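> So here's coords27.cif (mmCIF, C-alpha atoms).
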data_target
#
loop_
_atom_site.group_PDB
_atom_site.id
_atom_site.type_symbol
_atom_site.label_atom_id
_atom_site.label_comp_id
_atom_site.auth_asym_id
_atom_site.auth_seq_id
_atom_site.Cartn_x
_atom_site.Cartn_y
_atom_site.Cartn_z
ATOM 1 C CA MET U 17 78.220 109.988 71.231
ATOM 2 C CA ALA U 18 78.133 109.488 75.013
ATOM 3 C CA ILE U 19 79.308 111.772 77.786
ATOM 4 C CA THR U 20 82.832 110.684 78.576
ATOM 5 C CA LEU U 21 85.916 111.892 80.392
ATOM 6 C CA SER U 22 88.799 109.487 80.247
ATOM 7 C CA ALA U 23 92.538 109.694 80.650
ATOM 8 C CA VAL U 24 95.058 107.566 78.821
ATOM 9 C CA PHE U 25 98.460 107.481 80.481
ATOM 10 C CA THR U 26 101.787 105.760 80.210
ATOM 11 C CA ALA U 27 103.537 103.915 81.660
ATOM 12 C CA THR U 28 100.637 101.526 82.109
ATOM 13 C CA PRO U 29 99.869 99.808 84.332
ATOM 14 C CA ALA U 30 101.336 101.955 87.105
ATOM 15 C CA ALA U 31 104.118 100.328 89.074
ATOM 16 C CA ALA U 32 103.286 97.967 91.929
ATOM 17 C CA LEU U 33 102.405 99.708 95.209
ATOM 18 C CA THR U 34 101.803 103.008 93.439
ATOM 19 C CA LYS U 35 98.586 104.834 92.637
ATOM 20 C CA VAL U 36 97.888 107.371 89.912
ATOM 21 C CA VAL U 37 96.332 110.565 91.287
ATOM 22 C CA ILE U 38 94.697 112.950 88.804
ATOM 23 C CA GLU U 39 93.662 116.522 89.560
ATOM 24 C CA ALA U 40 91.548 118.810 87.376
ATOM 25 C CA THR U 41 90.492 122.443 87.170
ATOM 26 C CA PRO U 42 86.995 123.814 86.644
ATOM 27 C CA GLN U 43 85.993 124.312 83.012
ATOM 28 C CA VAL U 44 87.458 127.511 81.611
ATOM 29 C CA SER U 45 87.448 129.330 78.306
ATOM 30 C CA ALA U 46 89.109 127.351 75.536
ATOM 31 C CA GLY U 47 91.418 130.312 74.920
ATOM 32 C CA ARG U 48 93.191 129.931 78.233
ATOM 33 C CA SER U 49 96.659 128.453 78.138
ATOM 34 C CA TYR U 50 97.567 128.703 81.822
ATOM 35 C CA ALA U 51 95.944 127.220 84.904
ATOM 36 C CA ASN U 52 96.662 128.615 88.338
ATOM 37 C CA PRO U 53 97.937 125.810 90.582
ATOM 38 C CA SER U 54 95.291 126.676 93.183
ATOM 39 C CA TRP U 55 92.516 125.762 90.740
ATOM 40 C CA TYR U 56 93.341 122.076 90.762
ATOM 41 C CA ARG U 57 91.202 119.638 92.747
ATOM 42 C CA GLN U 58 91.746 115.919 93.153
ATOM 43 C CA ILE U 59 89.160 113.984 91.146
ATOM 44 C CA PHE U 60 90.654 110.513 90.770
ATOM 45 C CA VAL U 61 92.783 108.121 92.784
ATOM 46 C CA GLY U 62 93.332 104.857 90.962
ATOM 47 C CA ALA U 63 93.720 101.476 92.514
ATOM 48 C CA ALA U 64 97.246 100.244 93.117
ATOM 49 C CA ALA U 65 98.994 99.420 89.856
ATOM 50 C CA THR U 66 95.943 100.575 87.907
ATOM 51 C CA ALA U 67 95.998 100.373 84.129
ATOM 52 C CA SER U 68 95.089 103.007 81.571
ATOM 53 C CA PRO U 69 92.545 104.336 80.633
ATOM 54 C CA ALA U 70 91.063 105.942 83.729
ATOM 55 C CA ASN U 71 87.425 107.021 83.832
ATOM 56 C CA LEU U 72 87.360 110.500 85.367
ATOM 57 C CA LEU U 73 83.727 111.386 84.697
ATOM 58 C CA ALA U 74 82.188 110.466 88.057
ATOM 59 C CA GLY U 75 84.898 112.222 90.037
ATOM 60 C CA TYR U 76 84.743 115.317 87.847
ATOM 61 C CA ASN U 77 80.959 115.543 87.996
ATOM 62 C CA ALA U 78 80.995 115.192 91.772
ATOM 63 C CA LYS U 79 83.507 118.012 92.149
ATOM 64 C CA PHE U 80 82.695 120.406 89.311
ATOM 65 C CA GLY U 81 79.362 119.348 87.782
ATOM 66 C CA ALA U 82 78.430 118.596 84.192
ATOM 67 C CA LEU U 83 80.666 119.056 81.174
ATOM 68 C CA PHE U 84 79.939 121.821 78.663
ATOM 69 C CA SER U 85 80.945 121.650 75.039
ATOM 70 C CA GLY U 86 83.697 124.058 74.000
ATOM 71 C CA LYS U 87 85.151 124.491 77.484
ATOM 72 C CA LYS U 88 88.717 123.608 78.404
ATOM 73 C CA ILE U 89 89.885 121.608 81.404
ATOM 74 C CA PHE U 90 93.440 121.391 82.678
ATOM 75 C CA PHE U 91 94.669 118.177 84.252
ATOM 76 C CA ARG U 92 97.761 117.131 86.127
ATOM 77 C CA ALA U 93 98.731 113.690 87.334
ATOM 78 C CA ARG U 94 101.262 112.298 89.755
ATOM 79 C CA VAL U 95 102.174 108.867 91.031
ATOM 80 C CA VAL U 96 102.005 108.298 94.791
ATOM 81 C CA GLY U 97 103.781 105.393 96.429
ATOM 82 C CA SER U 98 102.752 103.495 99.543
ATOM 83 C CA THR U 99 105.710 105.013 101.408
ATOM 84 C CA GLY U 100 104.359 108.526 100.921
ATOM 85 C CA LEU U 101 106.777 109.549 98.214
ATOM 86 C CA SER U 102 105.320 111.206 95.149
ATOM 87 C CA SER U 103 106.470 111.774 91.587
ATOM 88 C CA ALA U 104 106.517 115.097 89.804
ATOM 89 C CA TYR U 105 103.314 116.288 88.160
ATOM 90 C CA LEU U 106 102.639 115.721 84.474
ATOM 91 C CA GLU U 107 100.227 118.316 83.041
ATOM 92 C CA SER U 108 97.755 118.111 80.190
ATOM 93 C CA SER U 109 94.549 119.740 79.021
ATOM 94 C CA ALA U 110 91.470 118.843 77.006
ATOM 95 C CA THR U 111 88.676 120.742 75.281
ATOM 96 C CA VAL U 112 85.197 119.318 75.717
ATOM 97 C CA THR U 113 83.716 118.353 72.365
ATOM 98 C CA MET G 28 105.325 137.360 103.560
ATOM 99 C CA LYS G 29 108.051 135.707 101.493
ATOM 100 C CA TYR G 30 110.100 138.020 99.321
ATOM 101 C CA THR G 31 113.198 138.296 97.217
ATOM 102 C CA PRO G 32 114.645 141.834 97.430
ATOM 103 C CA GLY G 33 114.840 143.739 94.179
ATOM 104 C CA LEU G 34 115.855 147.263 93.057
ATOM 105 C CA LEU G 35 112.401 148.676 93.805
ATOM 106 C CA VAL G 36 110.123 145.736 94.588
ATOM 107 C CA GLY G 37 111.334 142.173 94.317
ATOM 108 C CA GLU G 38 109.361 138.980 94.265
ATOM 109 C CA MET G 39 106.830 138.717 97.075
ATOM 110 C CA SER G 40 104.233 136.222 98.127
ATOM 111 C CA GLY G 41 101.973 136.133 101.177
ATOM 112 C CA LYS G 42 100.151 138.646 103.347
ATOM 113 C CA SER G 43 101.205 141.517 105.555
ATOM 114 C CA GLY G 44 98.389 143.247 107.398
ATOM 115 C CA CYS G 45 95.572 143.876 104.935
ATOM 116 C CA VAL G 46 97.792 143.622 101.850
ATOM 117 C CA VAL G 47 98.445 140.408 99.951
ATOM 118 C CA ALA G 48 101.402 140.080 97.594
ATOM 119 C CA SER G 49 101.162 137.485 94.905
ATOM 120 C CA HIS G 50 102.445 136.766 91.442
ATOM 121 C CA ASN G 51 101.312 135.263 88.212
ATOM 122 C CA ARG G 52 103.015 134.656 84.897
ATOM 123 C CA PHE G 53 103.045 138.400 84.184
ATOM 124 C CA GLY G 54 104.836 139.325 87.394
ATOM 125 C CA SER G 55 104.225 140.378 90.983
ATOM 126 C CA TYR G 56 101.192 142.338 92.189
ATOM 127 C CA PHE G 57 99.459 143.506 95.360
ATOM 128 C CA ARG G 58 95.801 143.260 96.278
ATOM 129 C CA VAL G 59 93.646 143.988 99.296
ATOM 130 C CA ARG G 60 93.202 141.010 101.548
ATOM 131 C CA THR G 61 89.702 139.634 101.854
ATOM 132 C CA ILE G 62 88.702 137.105 104.465
ATOM 133 C CA PRO G 63 88.273 133.818 102.595
ATOM 134 C CA VAL G 64 85.051 131.868 102.906
ATOM 135 C CA ASN G 65 85.235 128.633 104.826
ATOM 136 C CA PRO G 66 82.764 126.132 103.398
ATOM 137 C CA ASN G 67 84.250 123.489 105.713
ATOM 138 C CA THR G 68 83.296 120.689 103.369
ATOM 139 C CA ALA G 69 83.791 117.043 104.237
ATOM 140 C CA SER G 70 86.911 117.049 102.064
ATOM 141 C CA GLN G 71 88.318 120.071 103.900
ATOM 142 C CA GLN G 72 87.538 118.527 107.267
ATOM 143 C CA ASN G 73 89.265 115.335 106.207
ATOM 144 C CA ALA G 74 92.386 117.206 105.085
ATOM 145 C CA ARG G 75 92.451 119.261 108.295
ATOM 146 C CA ASN G 76 91.944 116.188 110.473
ATOM 147 C CA ASN G 77 94.806 114.466 108.650
ATOM 148 C CA LEU G 78 97.122 117.399 109.309
ATOM 149 C CA THR G 79 96.084 117.469 112.952
ATOM 150 C CA ALA G 80 96.816 113.758 113.316
ATOM 151 C CA ILE G 81 100.197 114.103 111.591
ATOM 152 C CA SER G 82 101.177 117.068 113.734
ATOM 153 C CA ARG G 83 100.176 115.207 116.877
ATOM 154 C CA ALA G 84 102.131 112.156 115.743
ATOM 155 C CA TRP G 85 105.254 114.285 115.244
ATOM 156 C CA LYS G 86 104.999 115.477 118.848
ATOM 157 C CA ASN G 87 104.831 111.857 119.971
ATOM 158 C CA ALA G 88 107.785 110.740 117.845
ATOM 159 C CA THR G 89 110.949 109.755 119.627
ATOM 160 C CA ALA G 90 114.144 111.790 119.373
ATOM 161 C CA GLU G 91 115.691 109.056 117.226
ATOM 162 C CA GLN G 92 112.744 109.098 114.824
ATOM 163 C CA LYS G 93 112.859 112.887 114.546
ATOM 164 C CA ALA G 94 116.596 112.777 113.941
ATOM 165 C CA ALA G 95 116.092 110.249 111.148
ATOM 166 C CA TRP G 96 113.477 112.473 109.490
ATOM 167 C CA HIS G 97 115.721 115.543 109.830
ATOM 168 C CA ALA G 98 118.565 113.609 108.213
ATOM 169 C CA ALA G 99 116.350 112.398 105.384
ATOM 170 C CA ALA G 100 114.906 115.874 104.852
ATOM 171 C CA ALA G 101 118.408 117.289 104.486
ATOM 172 C CA THR G 102 118.795 115.217 101.327
ATOM 173 C CA GLN G 103 115.640 116.668 99.743
ATOM 174 C CA THR G 104 115.392 119.760 97.556
ATOM 175 C CA LEU G 105 111.995 121.361 97.070
ATOM 176 C CA VAL G 106 110.828 124.516 95.302
ATOM 177 C CA ASP G 107 108.836 127.216 97.105
ATOM 178 C CA LYS G 108 106.101 129.519 95.759
ATOM 179 C CA LEU G 109 108.696 131.923 94.403
ATOM 180 C CA GLY G 110 110.514 129.196 92.527
ATOM 181 C CA ARG G 111 113.474 129.095 94.894
ATOM 182 C CA SER G 112 115.018 125.833 96.004
ATOM 183 C CA TYR G 113 115.029 124.984 99.692
ATOM 184 C CA THR G 114 115.637 122.067 102.004
ATOM 185 C CA PRO G 115 112.614 121.084 104.120
ATOM 186 C CA THR G 116 112.771 120.479 107.854
ATOM 187 C CA GLY G 117 112.232 117.001 109.220
ATOM 188 C CA PHE G 118 108.713 117.945 110.293
ATOM 189 C CA GLN G 119 107.858 119.249 106.826
ATOM 190 C CA TYR G 120 109.159 116.071 105.196
ATOM 191 C CA PHE G 121 107.305 113.899 107.731
ATOM 192 C CA THR G 122 104.094 115.817 107.031
ATOM 193 C CA SER G 123 104.539 115.644 103.269
ATOM 194 C CA CYS G 124 105.095 111.886 103.224
ATOM 195 C CA ASN G 125 102.259 111.100 105.601
ATOM 196 C CA ARG G 126 99.808 113.298 103.719
ATOM 197 C CA ASN G 127 100.620 111.265 100.619
ATOM 198 C CA ILE G 128 100.156 108.047 102.576
ATOM 199 C CA PHE G 129 96.626 109.219 103.432
ATOM 200 C CA VAL G 130 96.052 109.860 99.710
ATOM 201 C CA TYR G 131 97.307 106.367 98.946
ATOM 202 C CA ASP G 132 95.273 104.745 101.697
ATOM 203 C CA PRO G 133 92.831 106.910 103.716
ATOM 204 C CA ALA G 134 92.713 104.247 106.428
ATOM 205 C CA ALA G 135 96.492 103.916 106.765
ATOM 206 C CA ALA G 136 98.307 104.388 110.038
ATOM 207 C CA ILE G 137 100.852 107.179 110.356
ATOM 208 C CA SER G 138 104.303 105.975 109.376
ATOM 209 C CA TYR G 139 107.283 106.863 111.554
ATOM 210 C CA ALA G 140 109.649 105.059 109.199
ATOM 211 C CA VAL G 141 111.623 107.207 106.803
ATOM 212 C CA PRO G 142 111.002 106.088 103.177
ATOM 213 C CA SER G 143 113.937 103.982 102.087
ATOM 214 C CA VAL G 144 113.048 103.747 98.390
ATOM 215 C CA ALA G 145 113.285 106.285 95.598
ATOM 216 C CA SER G 146 110.309 108.421 94.584
ATOM 217 C CA PRO G 147 108.095 106.782 91.964
ATOM 218 C CA ALA G 148 108.746 107.748 88.377
ATOM 219 C CA ALA G 149 106.402 110.336 86.886
ATOM 220 C CA LEU G 150 103.956 109.385 84.168
ATOM 221 C CA LEU G 151 105.420 109.584 80.678
ATOM 222 C CA SER G 152 102.271 110.809 78.943
ATOM 223 C CA LEU G 153 98.746 111.898 79.824
ATOM 224 C CA THR G 154 96.020 112.356 77.202
ATOM 225 C CA VAL G 155 92.492 113.247 78.260
ATOM 226 C CA THR G 156 89.425 113.161 76.009
ATOM 227 C CA ALA G 157 86.148 114.827 77.021
ATOM 228 C CA THR G 158 82.789 114.676 75.276
ATOM 229 C CA SER G 159 79.560 116.235 76.545
ATOM 230 C CA VAL G 160 76.967 114.880 74.108
#
As structure tokens, please, write out the structure in this file.

Amino acid sequence: MAITLSAVFTATPAAALTKVVIEATPQVSAGRSYANPSWYRQIFVGAAATASPANLLAGYNAKFGALFSGKKIFFRARVVGSTGLSSAYLESSATVT
Amino acid sequence: MKYTPGLLVGEMSGKSGCVVASHNRFGSYFRVRTIPVNPNTASQQNARNNLTAISRAWKNATAEQKAAWHAAAATQTLVDKLGRSYTPTGFQYFTSCNRNIFVYDPAAAISYAVPSVASPAALLSLTVTATSV
């Protein structure tokens, strides 16, 4: 199995003239169920009208380093339009296997 | 320091002197303020330069442009750190939109035009898979 970090989202592809922006937290204990909003850092900005899935590994490694098995990461994503308007956040989490 | 008065201590957030009030999912709390470190990374510098440019642009905006942003801001409802709804000022709305424009396109010029379209729809689902070996 390879080292991967990918996000599958809908609706896909994102609407024209919009970009998907994904933020992530550092790796925390798998028992955590809450992420402080200040922990999030932007790790991915997709191209306009990008399609799912998104490869987050390079951005995550650059910001937080390598992945460790058993740790949990919280994610949140929003859609930003070319006019500067943004959607609400959609949150998710994943445990590194 | 933002606060909502209560019987003894209401909701608070922010600093006053050397005391910082904050809250988490268990409720409000106080802690001693410590001076935060300032790594001043390239990302931080970029964000600060963007805010500087936006603030400078607002000063250079015409009265008509500012009035348009104030009018547009009056139609917006945001939520502050204490979960209370508020209406932003024109400057806050101008800053918010232009910060997002820099996220969308780091090389974009500052936009004085008020957005005339609706906000994009949020994602419907987000599933992340992570493997380390």
> Under the rule of at most 7 Å, produce a per-residue listing of chain G near chain U: chain, number, name, the closest pair of atoms, and the distance in Å, as a tab-separated table, using all atoms listed in the file.

residue	atom	partner	partner_atom	distance
G:Cys124	CA	U:Gly100	CA	4.1
G:Asn125	CA	U:Gly100	CA	5.7
G:Asn127	CA	U:Gly100	CA	4.6
G:Ile128	CA	U:Gly100	CA	4.5
G:Tyr131	CA	U:Ser98	CA	6.2
G:Pro142	CA	U:Thr99	CA	5.7
G:Ser146	CA	U:Leu101	CA	5.2
G:Pro147	CA	U:Ser103	CA	5.3
G:Ala148	CA	U:Ser103	CA	5.6
G:Ala149	CA	U:Ser103	CA	4.9
G:Leu150	CA	U:Thr26	CA	5.8
G:Leu151	CA	U:Thr26	CA	5.3
G:Ser152	CA	U:Thr26	CA	5.2
G:Leu153	CA	U:Phe25	CA	4.5
G:Thr154	CA	U:Val24	CA	5.1
G:Val155	CA	U:Ala23	CA	4.3
G:Thr156	CA	U:Ser22	CA	5.6
G:Ala157	CA	U:Leu21	CA	4.5
G:Thr158	CA	U:Thr113	CA	4.8
G:Ser159	CA	U:Ile19	CA	4.6
G:Val160	CA	U:Ile19	CA	5.4
> Tell me which protein, DNA and RNA residues are within 12 Å of Lys79 (chain U), counting all atoms listed in the file, leaving out same-chain ones fewer than 3 positions away, and put them as a ChimeraX atom specification.
/U:39-43,55-60,72-76,82-83 /G:68,70
> Where's the centre, and what are the edge lengths in Å to one decimal, of a box along x, y and z enclosing all listed atoms of region 88-96 of chain U padded 5 Å per side, as AutoDock Vina command-line options?

--center_x 95.4 --center_y 116.0 --center_z 86.6 --size_x 23.5 --size_y 25.3 --size_z 26.4
> What is the distance between CA of Cys45 (chain G) and CA of Asn65 (chain G), in Å to one decimal?
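Interatomic distance here is 18.4 Å.
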> When you count only C-alpha atoms, which of these residues is closest to Ile62 (chain G): G:His50, G:Ile81, G:Leu105, G:Lys42?
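Distance minimum relative to Ile62 (chain G) lands on G:Lys42.
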> Would you work out the distance separating CA of Tyr120 (chain G) from CA of Ala101 (chain G), expressed in Å to one decimal?
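Result for CA of Tyr120 (chain G) versus CA of Ala101 (chain G): 9.4 Å, one decimal.
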> At a cut-off of 10 Å, using all atoms listed in the file, what residues contact Gln119 (chain G)? Leave out same-chain residues fewer than 6 positions from it and give the result as a ChimeraX atom specification.
/G:82,96-97,100,125
> Enter the distance from CA of Asn73 (chain G) to CA of Asn77 (chain U), in Å, rounded to one decimal.
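Computing it gives 20.0 Å between the two atoms.
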> Fewer than 3 positions away in the same chain doesn't count, so skip those; otherwise give me all residues within 10 Å of Tyr113 (chain G), counting all atoms listed in the file, as a list in words.
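That gives Ala101, Gln103, Thr104, Leu105, Val106, Asp107, Gly110 and Thr116 of chain G.
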> Between G:Asn77, G:Thr102, G:Gln71, G:Asn87, which is the closest to Thr114 (chain G) once you count only C-alpha atoms?
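That would be G:Thr102, the residue with the smallest distance to Thr114 (chain G).
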> Env of Ser43 (chain G): 12 Å cut, atoms = all atoms listed in the file, seq-sep filter 2 positions within chain, self excluded. Answer as a ChimeraX atom specification.
/G:28-30,39-41,45-49,57-60
> Can you tell me which residues surround Tyr139 (chain G) at a distance of at most 9 Å, considering all atoms listed in the file, apart from same-chain residues fewer than 2 positions away, and format the answer as a short mmCIF file (atom, residue, chain, number, x, y, z; two decimals) with C-alpha atoms, keeping the file's coordinate frame?

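Contents of the output file out34.cif:
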data_model
loop_
_atom_site.label_atom_id
_atom_site.label_comp_id
_atom_site.auth_asym_id
_atom_site.auth_seq_id
_atom_site.Cartn_x
_atom_site.Cartn_y
_atom_site.Cartn_z
CA ALA G 84 102.13 112.16 115.74
CA TRP G 85 105.25 114.28 115.24
CA ALA G 88 107.78 110.74 117.84
CA GLN G 92 112.74 109.10 114.82
CA LYS G 93 112.86 112.89 114.55
CA TRP G 96 113.48 112.47 109.49
CA PHE G 121 107.30 113.90 107.73
CA ASN G 125 102.26 111.10 105.60
CA ILE G 137 100.85 107.18 110.36
CA VAL G 141 111.62 107.21 106.80
#
